[in-house]
>>> print(open('query_37.csv').read())   # CSV, C-alpha atoms
chain,number,residue,atom,x,y,z
A,106,MET,CA,-17.0,32.6,-34.0
A,107,SER,CA,-18.5,32.8,-37.5
A,108,ALA,CA,-21.8,31.2,-38.3
A,109,GLY,CA,-20.0,28.7,-40.6
A,110,VAL,CA,-17.7,27.5,-37.8
A,111,MET,CA,-20.6,27.2,-35.4
A,112,ARG,CA,-22.5,25.1,-37.9
A,113,ASP,CA,-19.6,22.7,-38.0
A,114,LEU,CA,-19.7,22.3,-34.2
A,115,THR,CA,-23.3,21.3,-34.0
A,116,LEU,CA,-25.1,18.2,-35.0
A,117,GLY,CA,-28.7,19.1,-35.8
A,118,ASP,CA,-30.0,20.8,-32.6
A,119,LEU,CA,-27.2,19.3,-30.4
A,120,THR,CA,-24.2,21.4,-29.5
A,121,LEU,CA,-20.8,19.9,-29.3
A,122,GLY,CA,-21.0,19.9,-25.5
A,123,ALA,CA,-24.3,17.9,-25.5
A,124,VAL,CA,-22.8,15.4,-27.9
A,125,LEU,CA,-19.7,15.0,-25.7
A,126,ARG,CA,-21.9,14.6,-22.6
A,127,ARG,CA,-23.9,11.9,-24.3
A,128,PHE,CA,-20.8,10.2,-25.5
A,129,ALA,CA,-19.3,10.3,-22.0
A,130,VAL,CA,-22.5,8.8,-20.4
A,131,GLY,CA,-22.5,6.0,-23.0
A,132,ALA,CA,-18.8,5.3,-22.5
A,133,VAL,CA,-19.2,5.1,-18.7
A,134,ALA,CA,-22.2,2.7,-19.1
A,135,ALA,CA,-20.1,0.5,-21.5
A,136,LEU,CA,-17.2,0.4,-19.1
A,137,ALA,CA,-19.5,-0.5,-16.2
A,138,LEU,CA,-20.9,-3.4,-18.2
A,139,LEU,CA,-17.4,-4.5,-19.1
A,140,ALA,CA,-16.1,-4.3,-15.5
A,141,GLY,CA,-19.1,-6.3,-14.3
A,142,GLY,CA,-18.5,-8.9,-16.9
A,143,ALA,CA,-14.8,-9.1,-16.0
A,144,ALA,CA,-15.6,-9.6,-12.3
A,145,ALA,CA,-18.1,-12.3,-13.1
A,146,GLN,CA,-15.6,-14.0,-15.4
A,147,GLN,CA,-12.9,-13.8,-12.6
A,148,ALA,CA,-15.3,-15.4,-10.1
A,149,GLU,CA,-16.2,-18.2,-12.7
A,150,GLU,CA,-12.5,-18.8,-13.3
A,151,GLY,CA,-11.8,-19.1,-9.5
A,152,GLU,CA,-9.7,-16.0,-9.3
A,153,SER,CA,-9.5,-13.8,-6.3
A,154,THR,CA,-12.7,-11.9,-5.6
A,155,ALA,CA,-11.3,-9.7,-2.8
A,156,PRO,CA,-13.6,-6.9,-1.8
A,157,ASP,CA,-13.5,-3.7,-3.9
A,158,SER,CA,-12.9,-1.6,-0.8
A,159,LEU,CA,-12.4,-2.6,2.8
A,160,VAL,CA,-10.9,-0.9,5.9
A,161,GLU,CA,-10.7,-2.9,9.2
A,162,ARG,CA,-8.7,-2.1,12.4
A,163,TYR,CA,-6.9,-4.8,14.4
A,164,GLY,CA,-5.1,-3.2,17.3
A,165,ALA,CA,-2.4,-0.9,15.8
A,166,TRP,CA,-2.8,-2.4,12.4
A,167,THR,CA,-5.2,-1.7,9.6
A,168,VAL,CA,-6.3,-4.1,6.9
A,169,GLN,CA,-7.2,-2.3,3.7
A,170,CYS,CA,-8.4,-3.5,0.3
A,171,ALA,CA,-8.1,-0.8,-2.4
A,172,ALA,CA,-10.8,0.0,-4.9
A,173,GLY,CA,-10.2,-1.5,-8.3
A,174,ASN,CA,-9.2,-4.9,-6.9
A,175,ARG,CA,-5.5,-3.8,-6.4
A,176,GLY,CA,-5.2,-6.2,-3.5
A,177,CYS,CA,-5.3,-6.1,0.2
A,178,VAL,CA,-2.6,-5.2,2.7
A,179,ALA,CA,-2.1,-4.7,6.5
A,180,PHE,CA,-0.3,-1.6,7.6
A,181,GLN,CA,0.7,0.6,10.4
A,182,GLN,CA,1.8,4.2,9.9
A,183,LEU,CA,3.6,6.5,12.2
A,184,SER,CA,2.8,10.2,11.7
A,185,ASN,CA,4.0,13.5,13.1
A,186,SER,CA,1.3,14.4,15.7
A,187,GLU,CA,1.6,18.1,14.9
A,188,THR,CA,1.7,18.1,11.1
A,189,GLY,CA,0.1,14.7,10.3
A,190,GLN,CA,2.9,14.0,7.9
A,191,ARG,CA,3.8,10.3,7.6
A,192,ILE,CA,7.2,9.4,9.1
A,193,VAL,CA,7.3,5.6,8.6
A,194,ARG,CA,4.9,3.0,7.3
A,195,ALA,CA,5.2,-0.8,7.6
A,196,THR,CA,3.1,-2.8,5.3
A,197,ILE,CA,2.4,-6.6,5.1
A,198,VAL,CA,1.8,-7.6,1.5
A,199,PRO,CA,0.3,-11.1,1.0
A,200,ALA,CA,2.2,-13.6,-1.1
A,201,GLY,CA,-0.1,-13.4,-4.1
A,202,ASP,CA,2.0,-14.9,-6.9
A,203,GLU,CA,5.2,-15.0,-4.8
A,204,THR,CA,6.1,-17.8,-2.4
A,205,THR,CA,6.1,-15.6,0.7
A,206,ALA,CA,4.4,-12.6,2.1
A,207,ARG,CA,6.6,-9.4,2.2
A,208,LEU,CA,7.2,-6.7,4.8
A,209,ARG,CA,7.5,-3.4,3.0
A,210,LEU,CA,8.9,-0.4,4.8
A,211,LEU,CA,8.5,3.2,3.7
A,212,VAL,CA,11.0,5.5,5.4
A,213,PRO,CA,11.8,9.2,5.0
A,214,LEU,CA,14.1,10.3,2.2
A,215,GLY,CA,17.9,10.6,2.9
A,216,PRO,CA,18.9,7.2,4.2
A,217,ARG,CA,22.2,5.5,3.5
A,218,LEU,CA,21.0,3.0,0.9
A,219,SER,CA,23.9,0.6,1.3
A,220,ASP,CA,22.9,0.0,5.0
A,221,GLY,CA,19.3,-1.1,4.3
A,222,VAL,CA,16.7,-0.8,7.0
A,223,VAL,CA,17.4,-2.8,10.1
A,224,VAL,CA,14.3,-4.5,11.6
A,225,ARG,CA,14.2,-6.0,15.1
A,226,ILE,CA,11.3,-7.6,16.8
A,227,ASP,CA,11.5,-7.0,20.6
A,228,GLU,CA,14.9,-8.2,21.7
A,229,THR,CA,15.4,-10.8,18.9
A,230,GLU,CA,18.3,-10.8,16.4
A,231,PRO,CA,17.9,-7.9,13.9
A,232,GLN,CA,17.6,-8.5,10.2
A,233,THR,CA,18.3,-6.1,7.3
A,234,ALA,CA,15.7,-5.3,4.6
A,235,PRO,CA,17.4,-4.0,1.5
A,236,TYR,CA,16.2,-0.8,-0.3
A,237,LEU,CA,14.3,-1.3,-3.6
A,238,THR,CA,13.9,2.3,-4.6
A,239,CYS,CA,13.3,5.9,-3.4
A,240,LEU,CA,10.2,7.8,-4.5
A,241,GLN,CA,9.0,11.3,-3.9
A,242,ARG,CA,7.2,10.2,-0.7
A,243,GLY,CA,10.1,8.2,0.7
A,244,CYS,CA,12.4,5.2,0.3
A,245,VAL,CA,11.1,1.6,0.1
A,246,ALA,CA,12.8,-1.4,1.6
A,247,THR,CA,11.4,-5.0,1.7
A,248,THR,CA,12.1,-8.4,3.1
A,249,GLY,CA,10.3,-11.7,2.8
A,250,ILE,CA,8.3,-12.9,5.8
A,251,ASP,CA,9.5,-16.5,6.2
A,252,GLU,CA,8.2,-18.8,9.0
A,253,VAL,CA,10.7,-17.4,11.5
A,254,LEU,CA,9.8,-13.7,10.9
A,255,ASP,CA,6.1,-14.7,10.8
A,256,GLN,CA,6.4,-16.2,14.3
A,257,LYS,CA,8.4,-13.3,15.6
A,258,LEU,CA,5.8,-10.8,14.4
A,259,ARG,CA,2.9,-12.8,15.8
A,260,ALA,CA,4.5,-13.3,19.2
A,261,GLY,CA,6.2,-9.9,19.5
A,262,GLY,CA,5.1,-6.7,21.2
A,263,LYS,CA,7.2,-4.1,19.3
A,264,MET,CA,9.0,-3.8,15.9
A,265,PHE,CA,12.0,-1.5,15.8
A,266,VAL,CA,13.0,0.0,12.5
A,267,ALA,CA,16.4,1.7,12.2
A,268,VAL,CA,17.6,3.9,9.4
A,269,SER,CA,21.1,5.4,8.9
A,270,ALA,CA,21.2,9.0,7.6
A,271,ILE,CA,23.2,9.4,4.4
A,272,GLU,CA,25.2,12.5,5.5
A,273,SER,CA,25.9,11.9,9.2
A,274,GLY,CA,25.5,8.2,9.5
A,275,ARG,CA,23.3,8.9,12.5
A,276,VAL,CA,20.9,6.1,13.2
A,277,VAL,CA,17.2,7.0,13.5
A,278,ARG,CA,15.0,4.5,15.2
A,279,PHE,CA,11.3,4.1,15.0
A,280,GLU,CA,9.1,1.9,17.2
A,281,LEU,CA,5.9,0.3,15.9
A,282,SER,CA,3.4,-1.7,18.0
A,283,LEU,CA,2.7,-5.3,17.0
A,284,SER,CA,-0.7,-5.2,18.8
A,285,GLY,CA,-3.3,-6.9,16.5
A,286,ILE,CA,-0.8,-7.9,13.8
A,287,SER,CA,-1.6,-11.6,14.2
A,288,ARG,CA,-5.3,-11.0,13.6
A,289,ALA,CA,-4.5,-8.6,10.8
A,290,MET,CA,-2.3,-11.2,9.1
A,291,ASP,CA,-5.0,-13.9,9.6
A,292,ARG,CA,-7.6,-11.6,8.0
A,293,LEU,CA,-5.3,-11.0,5.0
A,294,GLY,CA,-5.0,-14.7,4.5
A,295,SER,CA,-8.8,-15.0,4.4
A,296,LEU,CA,-9.3,-12.3,1.7
>>> encode(input="query_37.csv", output="structure tokens")
Amino acid sequence: MSAGVMRDLTLGDLTLGAVLRRFAVGAVAALALLAGGAAAQQAEEGESTAPDSLVERYGAWTVQCAAGNRGCVAFQQLSNSETGQRIVRATIVPAGDETTARLRLLVPLGPRLSDGVVVRIDETEPQTAPYLTCLQRGCVATTGIDEVLDQKLRAGGKMFVAVSAIESGRVVRFELSLSGISRAMDRLGSL
């Protein structure tokens, strides 16, 4: 670089890098102040003050609150014991602004979308959760948790999730434990 260009990239004795570092430190401090003020304002307005980050285990279920106040959920995930890769994930999403909580299921790619995901609690009548979308990490189906499903989940021992493969139509079944789900759902209600 020529001396003239270098001169343009300095402010007195500070290099461009030093100026940018000072700016970044100031920006982070300003954002922290704004975030703290927003949290205080939410608390004053009576809005949710769920924990920033929380992970609690209840039997086979985990209650987790994500950082950034993105909400809390209860979930169970089945993974391949050899690779650790997720196979299926069942998530209880609290009602929030909706009238009922939701059961959201994330299943592997390749299902016959028109069939939805069939959910059965123990030996009770199955119900179908329609697919919402497919993402890179799998396909998402959801159903509302009405009073009947809530009671089945709390009283049940196992949740069976069945998915039809798009090509062969073969049905793949997954079994999730309902151990601890009642306490996990109660905890969600208290957050």
>>> residues_near_point(input="query_37.csv", point="(21.5, 8.4, 9.3)", cutoff="12 Å", atoms="all atoms listed in the file", output="list of chain:residue names")
A:Val212, A:Pro213, A:Leu214, A:Gly215, A:Pro216, A:Arg217, A:Leu218, A:Ser219, A:Asp220, A:Gly221, A:Val222, A:Val223, A:Ala267, A:Val268, A:Ser269, A:Ala270, A:Ile271, A:Glu272, A:Ser273, A:Gly274, A:Arg275, A:Val276, A:Val277, A:Arg278
>>> atom_distance(input="query_37.csv", atom1="atom CA of Ala171 of chain A", atom2="atom CA of Leu159 of chain A")
7.0 Å
>>> residues_around(input="query_37.csv", residues="segment 292-294 of chain A", least_positions_apart="6", cutoff="12 Å", atoms="only C-alpha atoms", output="PDB file with C-alpha atoms, in the coordinates of the input")
ATOM      1  CA  SER A 153      -9.500 -13.800  -6.300  1.00  0.00           C
ATOM      2  CA  ALA A 155     -11.300  -9.700  -2.800  1.00  0.00           C
ATOM      3  CA  PRO A 156     -13.600  -6.900  -1.800  1.00  0.00           C
ATOM      4  CA  LEU A 159     -12.400  -2.600   2.800  1.00  0.00           C
ATOM      5  CA  VAL A 160     -10.900  -0.900   5.900  1.00  0.00           C
ATOM      6  CA  GLU A 161     -10.700  -2.900   9.200  1.00  0.00           C
ATOM      7  CA  ARG A 162      -8.700  -2.100  12.400  1.00  0.00           C
ATOM      8  CA  TYR A 163      -6.900  -4.800  14.400  1.00  0.00           C
ATOM      9  CA  TRP A 166      -2.800  -2.400  12.400  1.00  0.00           C
ATOM     10  CA  THR A 167      -5.200  -1.700   9.600  1.00  0.00           C
ATOM     11  CA  VAL A 168      -6.300  -4.100   6.900  1.00  0.00           C
ATOM     12  CA  GLN A 169      -7.200  -2.300   3.700  1.00  0.00           C
ATOM     13  CA  CYS A 170      -8.400  -3.500   0.300  1.00  0.00           C
ATOM     14  CA  GLY A 176      -5.200  -6.200  -3.500  1.00  0.00           C
ATOM     15  CA  CYS A 177      -5.300  -6.100   0.200  1.00  0.00           C
ATOM     16  CA  VAL A 178      -2.600  -5.200   2.700  1.00  0.00           C
ATOM     17  CA  ALA A 179      -2.100  -4.700   6.500  1.00  0.00           C
ATOM     18  CA  PHE A 180      -0.300  -1.600   7.600  1.00  0.00           C
ATOM     19  CA  THR A 196       3.100  -2.800   5.300  1.00  0.00           C
ATOM     20  CA  ILE A 197       2.400  -6.600   5.100  1.00  0.00           C
ATOM     21  CA  VAL A 198       1.800  -7.600   1.500  1.00  0.00           C
ATOM     22  CA  PRO A 199       0.300 -11.100   1.000  1.00  0.00           C
ATOM     23  CA  ALA A 200       2.200 -13.600  -1.100  1.00  0.00           C
ATOM     24  CA  GLY A 201      -0.100 -13.400  -4.100  1.00  0.00           C
ATOM     25  CA  THR A 205       6.100 -15.600   0.700  1.00  0.00           C
ATOM     26  CA  ALA A 206       4.400 -12.600   2.100  1.00  0.00           C
ATOM     27  CA  GLY A 285      -3.300  -6.900  16.500  1.00  0.00           C
ATOM     28  CA  ILE A 286      -0.800  -7.900  13.800  1.00  0.00           C
TER      29      ILE A 286
END
>>> closest_residue(input="query_37.csv", among="A:Arg207, A:Arg242, A:Met290, A:Glu230", to="Arg259 of chain A", atoms="only C-alpha atoms")
A:Met290
>>> atom_distance(input="query_37.csv", atom1="atom CA of Arg194 of chain A", atom2="atom CA of Arg288 of chain A")
18.4 Å
>>> atom_distance(input="query_37.csv", atom1="atom CA of Leu283 of chain A", atom2="atom CA of Ala246 of chain A")
18.8 Å
>>> decode(input="query_37.csv", residues="segment 250-296 of chain A", atoms="C-alpha atoms", output="PDB file, in the first residue's frame")
ATOM      1  CA  ILE A 250     -53.481 -30.981  21.788  1.00  0.00           C
ATOM      2  CA  ASP A 251     -57.127 -30.850  22.744  1.00  0.00           C
ATOM      3  CA  GLU A 252     -58.450 -32.077  26.090  1.00  0.00           C
ATOM      4  CA  VAL A 253     -58.801 -35.662  24.835  1.00  0.00           C
ATOM      5  CA  LEU A 254     -55.229 -35.879  23.481  1.00  0.00           C
ATOM      6  CA  ASP A 255     -53.917 -34.141  26.611  1.00  0.00           C
ATOM      7  CA  GLN A 256     -55.528 -36.828  28.791  1.00  0.00           C
ATOM      8  CA  LYS A 257     -54.233 -39.633  26.548  1.00  0.00           C
ATOM      9  CA  LEU A 258     -50.677 -38.269  26.683  1.00  0.00           C
ATOM     10  CA  ARG A 259     -50.750 -37.862  30.466  1.00  0.00           C
ATOM     11  CA  ALA A 260     -52.253 -41.309  31.116  1.00  0.00           C
ATOM     12  CA  GLY A 261     -50.371 -43.167  28.399  1.00  0.00           C
ATOM     13  CA  GLY A 262     -47.219 -45.215  28.464  1.00  0.00           C
ATOM     14  CA  LYS A 263     -46.143 -45.076  24.818  1.00  0.00           C
ATOM     15  CA  MET A 264     -46.712 -42.890  21.771  1.00  0.00           C
ATOM     16  CA  PHE A 265     -46.481 -44.633  18.403  1.00  0.00           C
ATOM     17  CA  VAL A 266     -45.654 -42.513  15.359  1.00  0.00           C
ATOM     18  CA  ALA A 267     -46.198 -44.053  11.898  1.00  0.00           C
ATOM     19  CA  VAL A 268     -44.913 -42.613   8.616  1.00  0.00           C
ATOM     20  CA  SER A 269     -45.572 -43.951   5.091  1.00  0.00           C
ATOM     21  CA  ALA A 270     -42.605 -43.931   2.708  1.00  0.00           C
ATOM     22  CA  ILE A 271     -43.263 -42.038  -0.525  1.00  0.00           C
ATOM     23  CA  GLU A 272     -41.844 -44.627  -2.934  1.00  0.00           C
ATOM     24  CA  SER A 273     -42.839 -47.970  -1.467  1.00  0.00           C
ATOM     25  CA  GLY A 274     -45.765 -46.970   0.754  1.00  0.00           C
ATOM     26  CA  ARG A 275     -44.075 -49.050   3.476  1.00  0.00           C
ATOM     27  CA  VAL A 276     -45.072 -47.846   6.932  1.00  0.00           C
ATOM     28  CA  VAL A 277     -42.253 -47.079   9.349  1.00  0.00           C
ATOM     29  CA  ARG A 278     -43.194 -46.987  13.033  1.00  0.00           C
ATOM     30  CA  PHE A 279     -41.422 -45.246  15.875  1.00  0.00           C
ATOM     31  CA  GLU A 280     -42.089 -45.715  19.585  1.00  0.00           C
ATOM     32  CA  LEU A 281     -41.621 -42.912  22.107  1.00  0.00           C
ATOM     33  CA  SER A 282     -41.944 -43.208  25.872  1.00  0.00           C
ATOM     34  CA  LEU A 283     -44.477 -41.010  27.640  1.00  0.00           C
ATOM     35  CA  SER A 284     -42.631 -41.391  30.937  1.00  0.00           C
ATOM     36  CA  GLY A 285     -42.464 -37.945  32.546  1.00  0.00           C
ATOM     37  CA  ILE A 286     -44.616 -36.161  29.960  1.00  0.00           C
ATOM     38  CA  SER A 287     -47.253 -35.103  32.497  1.00  0.00           C
ATOM     39  CA  ARG A 288     -44.638 -33.372  34.684  1.00  0.00           C
ATOM     40  CA  ALA A 289     -42.980 -31.860  31.604  1.00  0.00           C
ATOM     41  CA  MET A 290     -46.311 -30.434  30.391  1.00  0.00           C
ATOM     42  CA  ASP A 291     -47.072 -29.074  33.867  1.00  0.00           C
ATOM     43  CA  ARG A 292     -43.647 -27.425  33.935  1.00  0.00           C
ATOM     44  CA  LEU A 293     -44.265 -25.848  30.528  1.00  0.00           C
ATOM     45  CA  GLY A 294     -47.509 -24.427  31.891  1.00  0.00           C
ATOM     46  CA  SER A 295     -45.643 -22.775  34.750  1.00  0.00           C
ATOM     47  CA  LEU A 296     -43.053 -21.030  32.543  1.00  0.00           C
TER      48      LEU A 296
END
